[in-house]
>>> print(open('final_10.cif').read())   # mmCIF, C-alpha atoms and all ligand atoms
data_structure
#
loop_
_atom_site.label_atom_id
_atom_site.label_comp_id
_atom_site.auth_asym_id
_atom_site.auth_seq_id
_atom_site.Cartn_x
_atom_site.Cartn_y
_atom_site.Cartn_z
CA MET A 709 37.64 -11.84 -12.55
CA GLY A 710 35.51 -13.06 -15.43
CA ALA A 711 35.34 -13.32 -19.19
CA ILE A 712 32.89 -13.92 -22.03
CA LEU A 713 33.75 -14.38 -25.69
CA PHE A 714 31.34 -12.96 -28.25
CA ASP A 715 30.48 -15.04 -31.30
CA ARG A 716 29.13 -12.95 -34.16
CA THR A 717 28.79 -15.66 -36.80
CA ARG A 718 25.00 -15.56 -36.80
CA PRO A 719 23.20 -12.55 -38.23
CA ALA A 720 21.35 -10.36 -35.71
CA MET A 721 22.26 -12.71 -32.87
CA LEU A 722 25.04 -12.46 -30.34
CA GLY A 723 26.59 -15.74 -29.24
CA LEU A 724 28.13 -16.03 -25.77
CA LYS A 725 31.01 -18.44 -25.40
CA ARG A 726 33.19 -19.56 -22.54
CA VAL A 727 31.40 -17.59 -19.88
CA SER A 728 33.78 -17.96 -16.97
CA VAL A 729 34.32 -16.43 -13.56
CA ASP A 730 37.47 -16.65 -11.46
CA PRO A 731 36.79 -19.07 -8.57
CA LEU A 732 37.66 -16.26 -6.13
CA GLY A 733 34.88 -14.13 -7.57
CA ARG A 734 32.15 -16.75 -7.51
CA ASP A 735 28.85 -16.01 -5.78
CA ARG A 736 29.38 -12.28 -5.98
CA GLY A 737 27.16 -11.69 -8.94
CA VAL A 738 30.06 -11.26 -11.37
CA ALA A 739 28.46 -13.56 -13.93
CA SER A 740 25.15 -11.67 -13.71
CA VAL A 741 26.89 -8.37 -14.31
CA MET A 742 28.76 -9.78 -17.29
CA VAL A 743 25.57 -11.16 -18.82
CA GLY A 744 23.90 -7.78 -18.29
CA VAL A 745 26.75 -6.09 -20.15
CA ALA A 746 26.57 -8.66 -22.95
CA GLU A 747 22.84 -8.00 -23.33
CA ASP A 748 23.53 -4.24 -23.44
CA VAL A 749 26.13 -4.79 -26.15
CA ALA A 750 23.69 -6.92 -28.17
CA GLU A 751 21.05 -4.19 -27.86
CA GLU A 752 23.44 -1.41 -28.83
CA ARG A 753 24.44 -3.37 -31.90
CA GLY A 754 20.81 -3.67 -32.91
CA MET A 755 20.65 -7.42 -32.40
CA ASP A 756 17.48 -9.39 -31.77
CA GLY A 757 18.71 -12.03 -29.39
CA ILE A 758 21.40 -14.06 -27.71
CA TRP A 759 22.39 -17.70 -27.99
CA LEU A 760 24.79 -19.88 -26.05
CA HIS A 761 25.59 -23.50 -25.33
CA VAL A 762 25.44 -25.22 -21.96
CA ARG A 763 26.29 -28.76 -20.99
CA GLU A 764 23.47 -31.02 -19.91
CA GLU A 765 25.51 -32.31 -17.00
CA LEU A 766 25.78 -28.84 -15.45
CA PRO A 767 22.27 -28.18 -14.08
CA ASP A 768 23.46 -25.19 -12.04
CA ASN A 769 24.51 -23.48 -15.26
CA ILE A 770 21.19 -24.29 -16.90
CA ARG A 771 19.41 -22.83 -13.87
CA PHE A 772 21.54 -19.69 -14.06
CA TRP A 773 20.39 -19.03 -17.63
CA SER A 774 16.77 -20.14 -17.08
CA HIS A 775 16.55 -17.67 -14.23
CA ARG A 776 17.44 -14.93 -16.73
CA HIS A 777 14.72 -16.06 -19.15
CA TYR A 778 16.97 -18.04 -21.48
CA LEU A 779 15.16 -21.07 -22.91
CA PRO A 780 16.39 -24.33 -24.42
CA VAL A 781 16.29 -24.17 -28.21
CA ARG A 782 17.76 -27.51 -29.28
CA GLN A 783 19.98 -30.28 -28.04
CA ASP A 784 22.92 -31.96 -29.74
CA GLY A 785 24.24 -34.83 -27.64
CA THR A 786 24.82 -33.36 -24.21
CA THR A 787 25.10 -29.80 -25.52
CA ILE A 788 22.00 -27.70 -25.08
CA GLU A 789 21.58 -24.49 -27.01
CA MET A 790 19.76 -21.80 -25.04
CA GLY A 791 18.42 -18.57 -26.43
CA LYS A 792 16.71 -15.36 -25.49
CA THR A 793 14.87 -12.74 -27.51
CA LEU A 794 15.76 -9.29 -26.24
CA TRP A 795 13.19 -6.83 -24.98
CA LEU A 796 12.89 -3.26 -26.16
CA ALA A 797 11.65 0.13 -25.04
CA ARG A 798 10.42 2.84 -27.39
CA GLU A 799 9.22 6.39 -27.04
CA VAL A 800 5.79 6.93 -28.52
CA PRO A 801 4.98 10.65 -28.89
CA ASP A 802 1.29 10.51 -29.80
CA ALA A 803 -1.72 8.27 -30.33
CA ASP A 804 -1.00 7.80 -34.04
CA ALA A 805 2.51 6.62 -33.24
CA MET A 806 0.98 4.19 -30.74
CA ARG A 807 -1.25 2.74 -33.47
CA ASP A 808 1.76 2.55 -35.83
CA LEU A 809 3.77 0.63 -33.25
CA ALA A 810 0.86 -1.77 -32.80
CA ALA A 811 0.67 -2.23 -36.58
CA ARG A 812 4.32 -3.28 -36.60
CA VAL A 813 3.67 -5.70 -33.75
CA ALA A 814 0.77 -7.09 -35.80
CA THR A 815 3.17 -8.16 -38.57
CA LEU A 816 4.72 -10.61 -36.09
CA LEU A 817 1.46 -12.07 -34.79
CA ARG A 818 -0.36 -15.29 -35.60
CA ALA A 819 -3.32 -17.21 -34.22
CA GLY A 820 -2.80 -18.30 -30.63
CA ASP A 821 -0.71 -15.31 -29.60
CA LEU A 822 -1.34 -13.50 -26.33
CA LEU A 823 -0.52 -9.88 -25.50
CA VAL A 824 -0.74 -8.57 -21.95
CA LEU A 825 -1.08 -4.78 -21.78
CA THR A 826 -0.36 -2.81 -18.63
CA GLY A 827 -0.40 0.90 -17.89
CA ASP A 828 -2.39 3.40 -15.85
CA LEU A 829 -5.89 4.60 -16.72
CA GLY A 830 -5.69 6.38 -20.06
CA ALA A 831 -2.15 5.18 -20.78
CA GLY A 832 -3.08 4.06 -24.28
CA LYS A 833 -3.85 0.34 -23.98
CA THR A 834 -7.04 0.58 -26.02
CA THR A 835 -5.35 2.91 -28.52
CA PHE A 836 -2.68 0.24 -29.02
CA THR A 837 -5.36 -2.42 -29.47
CA GLN A 838 -7.09 -0.26 -32.09
CA GLY A 839 -3.88 -0.13 -34.12
CA LEU A 840 -3.60 -3.87 -33.80
CA GLY A 841 -7.18 -4.39 -34.94
CA GLU A 842 -6.73 -2.15 -38.00
CA ALA A 843 -3.52 -3.88 -39.01
CA LEU A 844 -4.97 -7.36 -38.52
CA GLY A 845 -7.99 -6.42 -40.62
CA VAL A 846 -10.64 -7.28 -38.05
CA ARG A 847 -14.15 -5.86 -37.89
CA GLY A 848 -14.19 -2.78 -35.69
CA PRO A 849 -14.56 -0.58 -33.97
CA VAL A 850 -12.21 -1.55 -31.14
CA THR A 851 -13.38 0.38 -28.08
CA SER A 852 -12.97 0.00 -24.34
CA PRO A 853 -14.96 -3.13 -23.54
CA THR A 854 -16.51 -1.47 -20.51
CA PHE A 855 -19.78 -3.35 -20.32
CA VAL A 856 -18.46 -6.65 -21.54
CA ILE A 857 -15.30 -8.21 -20.29
CA ALA A 858 -14.28 -9.77 -23.59
CA ARG A 859 -15.21 -8.86 -27.14
CA THR A 860 -14.32 -10.84 -30.27
CA HIS A 861 -13.58 -8.97 -33.49
CA PRO A 862 -13.74 -11.41 -36.41
CA SER A 863 -11.23 -11.11 -39.22
CA GLU A 864 -12.36 -9.56 -42.49
CA VAL A 865 -9.31 -10.83 -44.34
CA GLY A 866 -9.30 -14.54 -43.46
CA GLY A 867 -6.79 -14.12 -40.62
CA PRO A 868 -7.09 -14.62 -36.88
CA ALA A 869 -9.83 -12.86 -34.92
CA LEU A 870 -8.91 -10.34 -32.25
CA VAL A 871 -10.20 -11.12 -28.76
CA HIS A 872 -10.06 -7.96 -26.67
CA VAL A 873 -10.34 -8.46 -22.92
CA ASP A 874 -10.56 -5.81 -20.23
CA ALA A 875 -9.54 -7.45 -16.97
CA TYR A 876 -9.83 -4.23 -14.95
CA ARG A 877 -12.88 -5.41 -13.07
CA LEU A 878 -11.77 -8.99 -12.72
CA GLY A 879 -10.79 -9.59 -9.14
CA SER A 880 -8.73 -12.72 -9.47
CA ALA A 881 -7.07 -15.22 -11.69
CA ALA A 882 -9.99 -17.57 -11.13
CA GLU A 883 -12.36 -15.11 -12.79
CA ILE A 884 -10.37 -14.93 -15.99
CA ASP A 885 -10.78 -18.69 -16.11
CA ASP A 886 -14.52 -18.23 -15.72
CA ILE A 887 -14.87 -16.28 -18.93
CA ASP A 888 -13.57 -19.33 -20.77
CA LEU A 889 -11.07 -17.70 -23.05
CA ASP A 890 -9.31 -21.00 -23.60
CA ALA A 891 -11.90 -21.93 -26.17
CA THR A 892 -11.07 -18.93 -28.35
CA THR A 893 -7.38 -18.26 -27.78
CA GLU A 894 -6.09 -20.94 -30.13
CA ASP A 895 -7.41 -19.40 -33.32
CA SER A 896 -7.32 -15.77 -32.23
CA VAL A 897 -4.92 -13.09 -31.20
CA THR A 898 -5.86 -12.29 -27.60
CA VAL A 899 -5.16 -8.90 -26.02
CA VAL A 900 -5.76 -8.44 -22.31
CA GLU A 901 -5.78 -4.95 -20.79
CA TRP A 902 -4.90 -4.92 -17.10
CA GLY A 903 -4.05 -8.59 -17.38
CA ALA A 904 -0.62 -8.77 -15.75
CA GLY A 905 -0.44 -11.66 -13.34
CA MET A 906 -3.73 -13.11 -14.55
CA ALA A 907 -3.62 -13.59 -18.29
CA GLU A 908 -0.30 -15.36 -18.32
CA GLN A 909 -2.00 -18.57 -17.26
CA LEU A 910 -3.78 -18.63 -20.60
CA SER A 911 -0.57 -19.43 -22.43
CA ASP A 912 3.05 -20.51 -21.91
CA SER A 913 4.16 -17.59 -24.04
CA TRP A 914 3.07 -14.00 -24.27
CA LEU A 915 4.21 -10.49 -25.12
CA SER A 916 4.19 -8.17 -22.16
CA ILE A 917 3.53 -4.59 -23.26
CA ALA A 918 3.91 -1.95 -20.56
CA ILE A 919 2.90 1.64 -21.31
CA GLU A 920 4.26 4.35 -19.07
CA THR A 921 3.21 7.96 -19.06
CA ARG A 922 6.13 10.33 -18.80
CA ALA A 923 6.12 12.68 -15.83
CA ALA A 924 4.77 16.10 -16.76
CA SER A 925 7.37 18.60 -17.94
CA PRO A 926 8.86 20.99 -15.33
CA GLY A 927 7.05 23.96 -16.88
CA ASP A 928 3.74 22.15 -16.58
CA PRO A 929 3.97 20.16 -13.35
CA LEU A 930 0.36 19.06 -13.32
CA GLY A 931 0.23 18.33 -17.01
CA THR A 932 -2.71 20.75 -17.17
CA ALA A 933 -1.70 22.24 -20.50
CA SER A 934 -1.99 18.87 -22.15
CA GLY A 935 -5.36 17.51 -21.04
CA VAL A 936 -6.44 13.93 -21.47
CA GLU A 937 -7.08 13.95 -25.21
CA SER A 938 -3.94 15.77 -26.34
CA ASP A 939 -0.78 14.01 -27.38
CA GLU A 940 1.64 13.07 -24.70
CA MET A 941 4.85 11.06 -24.69
CA ARG A 942 4.58 7.43 -23.65
CA VAL A 943 7.32 4.89 -23.17
CA VAL A 944 6.34 1.41 -24.32
CA THR A 945 8.35 -1.55 -23.09
CA ILE A 946 7.84 -4.86 -24.88
CA ARG A 947 9.10 -8.04 -23.25
CA PRO A 948 8.81 -11.43 -24.94
CA ARG A 949 8.10 -14.37 -22.66
CA GLY A 950 8.18 -18.03 -23.56
CA ARG A 951 9.21 -20.24 -26.46
CA ARG A 952 6.90 -18.65 -28.99
CA TRP A 953 9.16 -15.61 -29.22
CA LEU A 954 12.48 -17.43 -29.58
CA GLY A 955 14.11 -16.37 -32.83
CA VAL A 956 11.52 -13.68 -33.55
CA PRO A 957 13.11 -10.44 -34.85
CA LEU A 958 11.30 -8.28 -32.33
CA ARG A 959 13.79 -5.44 -32.04
CA SER A 960 14.60 -5.17 -35.73
CA THR A 961 10.91 -5.19 -36.63
CA LEU A 962 9.82 -2.70 -33.98
CA LEU A 963 12.79 -0.35 -33.86
CA GLY A 964 13.96 -0.42 -37.48
N1 LIG B 1 1.47 8.79 -26.96
C1 LIG B 1 0.21 8.40 -26.82
N2 LIG B 1 -0.11 7.09 -26.98
C2 LIG B 1 -1.38 6.66 -26.80
N3 LIG B 1 -2.41 7.46 -26.48
C3 LIG B 1 -2.17 8.77 -26.32
C4 LIG B 1 -0.87 9.28 -26.47
N4 LIG B 1 -0.92 10.60 -26.23
C5 LIG B 1 -2.18 10.88 -25.95
N5 LIG B 1 -2.96 9.80 -26.00
C6 LIG B 1 -4.40 9.78 -25.69
O1 LIG B 1 -4.56 9.12 -24.46
C7 LIG B 1 -5.77 8.38 -24.46
C8 LIG B 1 -5.49 6.92 -24.19
O2 LIG B 1 -6.70 6.26 -23.94
P1 LIG B 1 -6.90 4.70 -23.98
O3 LIG B 1 -8.35 4.43 -23.88
O4 LIG B 1 -6.15 4.13 -25.15
O5 LIG B 1 -6.14 4.29 -22.65
P2 LIG B 1 -6.29 2.93 -21.80
O6 LIG B 1 -4.93 2.61 -21.32
O7 LIG B 1 -6.98 1.90 -22.62
O8 LIG B 1 -7.21 3.37 -20.59
P3 LIG B 1 -8.11 2.46 -19.62
O9 LIG B 1 -7.23 2.11 -18.48
O10 LIG B 1 -9.21 3.37 -19.20
O11 LIG B 1 -8.60 1.27 -20.39
C9 LIG B 1 -6.42 8.61 -25.82
O12 LIG B 1 -7.34 9.67 -25.69
C10 LIG B 1 -5.24 9.00 -26.69
O13 LIG B 1 -5.63 9.83 -27.77
MG MG B 2 -8.70 0.72 -22.25
#
>>> encode(input="final_10.cif", output="structure tokens")
Amino acid sequence: MGAILFDRTRPAMLGLKRVSVDPLGRDRGVASVMVGVAEDVAEERGMDGIWLHVREELPDNIRFWSHRHYLPVRQDGTTIEMGKTLWLAREVPDADAMRDLAARVATLLRAGDLLVLTGDLGAGKTTFTQGLGEALGVRGPVTSPTFVIARTHPSEVGGPALVHVDAYRLGSAAEIDDIDLDATTEDSVTVVEWGAGMAEQLSDSWLSIAIETRAASPGDPLGTASGVESDEMRVVTIRPRGRRWLGVPLRSTLLG
């Protein structure tokens, strides 16, 4: 009912060519399923992203890919190249591993970047931010900004500052505007805890970092043996959003 050709001429990137669906199978989600499989294949092969070409005169096709977070990369005549950086999920067994993961993320960051952290109380958002701060070489300590909503940690190595925001007590998107982050975000790396749905308006591009706590093991249904401070498995899902992350080797840097 449908076909896609894979183009493997570019390193770490999977090209999709001649994506086609039998007219009888149209509007049944066949194309979506095929794209999902192609993305799975790219992930299994350790690739960072996907590229493809669409024709300018086929806006429905462009919409199809845009809807799946593919973005225009360049245009050559009426041919538009679209691309997507793939997301990743990683198991993080303890707080040190969380800081290590953040240190790897830090190698990809530059001034103006925005990270939106989500996860329940005690998931490890501040722990992640600490790892980021250490790796960026900013003045610490990075702690939960409980009594201030935003705290700036200046760089001690001539790099970008780290602006650490706790949006937990912010009621609305309007309030994040009130704290006037715009003035600082351009020359800083900004991390917002609890910022999903609010912080995104600060930038066209951001990294969404979701931390999930694994359900307690069957032998310890309430997780009582572990306690808050002890090490516990987390699953961290990192999703790139926006042009900033096109072509960034997210998976090979964070999984390799
Ligand atoms: N795998 C893990 N990753 C991160 N932290 C872990 C892990 N296992 C245990 N911990 C512990 O969980 C706690 C996480 O606290 P942290 O303040 O980072 O969470 P938070 O998400 O910022 O919480 P809050 O919502 O209150 O801001 C720390 O005490 C940390 O040592
Ligand atoms: Mg916190």
>>> residues_around(input="final_10.cif", residues="Val762 (chain A)", least_positions_apart="5", cutoff="8 Å", atoms="only C-alpha atoms", output="VMD selection string")
chain A and resid 769 to 770 787 to 790
>>> residues_near_ligand(input="final_10.cif", ligand="ligand MG 2 (chain B)", cutoff="7 Å", atoms="all atoms listed in the file", output="PDB file with C-alpha atoms, in the coordinates of the input")
ATOM      1  CA  GLY A 830      -5.690   6.380 -20.060  1.00  0.00           C
ATOM      2  CA  GLY A 832      -3.080   4.060 -24.280  1.00  0.00           C
ATOM      3  CA  LYS A 833      -3.850   0.340 -23.980  1.00  0.00           C
ATOM      4  CA  THR A 834      -7.040   0.580 -26.020  1.00  0.00           C
ATOM      5  CA  SER A 852     -12.970   0.000 -24.340  1.00  0.00           C
ATOM      6  CA  GLU A 901      -5.780  -4.950 -20.790  1.00  0.00           C
TER       7      GLU A 901
END
>>> closest_atom_pairs(input="final_10.cif", of="region 772-801 of chain A", to="region 743-756 of chain A", cutoff="12 Å", atoms="only C-alpha atoms", output="Markdown table")
| residue | atom | partner | partner_atom | distance |
| --- | --- | --- | --- | --- |
| A:Phe772 | CA | A:Val743 | CA | 10.6 |
| A:Trp773 | CA | A:Val743 | CA | 9.5 |
| A:Arg776 | CA | A:Val743 | CA | 9.2 |
| A:His777 | CA | A:Val743 | CA | 11.9 |
| A:Tyr778 | CA | A:Val743 | CA | 11.3 |
| A:Gly791 | CA | A:Asp756 | CA | 10.7 |
| A:Lys792 | CA | A:Asp756 | CA | 8.7 |
| A:Thr793 | CA | A:Asp756 | CA | 6.0 |
| A:Leu794 | CA | A:Asp756 | CA | 5.8 |
| A:Trp795 | CA | A:Asp756 | CA | 8.4 |
| A:Leu796 | CA | A:Glu751 | CA | 8.4 |
| A:Ala797 | CA | A:Glu751 | CA | 10.7 |
>>> residues_near_ligand(input="final_10.cif", ligand="ligand LIG 1 (chain B)", cutoff="6 Å", atoms="only C-alpha atoms and all ligand atoms", output="ChimeraX atom specification")
/A:800-803,806,827-835,936-942
>>> atom_distance(input="final_10.cif", atom1="CA of Arg949 (chain A)", atom2="CA of Ser911 (chain A)")
10.0 Å
>>> closest_residue(input="final_10.cif", among="A:Gly820, A:Gly710, A:Gly905, A:Pro849", to="Gly867 (chain A)", atoms="only C-alpha atoms")
A:Gly820
>>> closest_residue(input="final_10.cif", among="A:Thr961, A:Ser913, A:Gln783, A:Thr851", to="Leu816 (chain A)", atoms="only C-alpha atoms")
A:Thr961
>>> atom_distance(input="final_10.cif", atom1="CA of Gly903 (chain A)", atom2="CA of Tyr876 (chain A)")
7.6 Å
>>> closest_residue(input="final_10.cif", among="A:Arg798, A:His872, A:Arg771, A:Arg847", to="Arg859 (chain A)", atoms="all atoms listed in the file")
A:His872
>>> atom_distance(input="final_10.cif", atom1="CA of Thr786 (chain A)", atom2="CA of Arg763 (chain A)")
5.8 Å
>>> closest_residue(input="final_10.cif", among="A:Met709, A:Trp953, A:Trp914, A:Thr921", to="Val824 (chain A)", atoms="all atoms listed in the file")
A:Trp914
>>> closest_residue(input="final_10.cif", among="A:Ala810, A:Leu713, A:Leu779, A:Val871", to="Gly757 (chain A)", atoms="only C-alpha atoms")
A:Leu779
>>> closest_residue(input="final_10.cif", among="A:Ala711, A:Met742, A:Ala907, A:Leu825", to="Glu920 (chain A)", atoms="only C-alpha atoms")
A:Leu825
>>> residues_around(input="final_10.cif", residues="Leu844 (chain A)", least_positions_apart="3", cutoff="7 Å", atoms="only C-alpha atoms", output="PyMOL selection string")
chain A and resi 814+840-841
>>> residues_around(input="final_10.cif", residues="Leu809 (chain A)", least_positions_apart="2", cutoff="8 Å", atoms="only C-alpha atoms", output="JSON, numbers by chain")
{"A": [805, 806, 807, 811, 812, 813, 836, 839, 962]}
>>> residues_around(input="final_10.cif", residues="Ile857 (chain A)", least_positions_apart="5", cutoff="8 Å", atoms="all atoms listed in the file", output="number ranges by chain")
A: 873-875
>>> residues_around(input="final_10.cif", residues="Ala869 (chain A)", least_positions_apart="6", cutoff="7 Å", atoms="only C-alpha atoms", output="ChimeraX atom specification")
/A:846,860-863,896-897
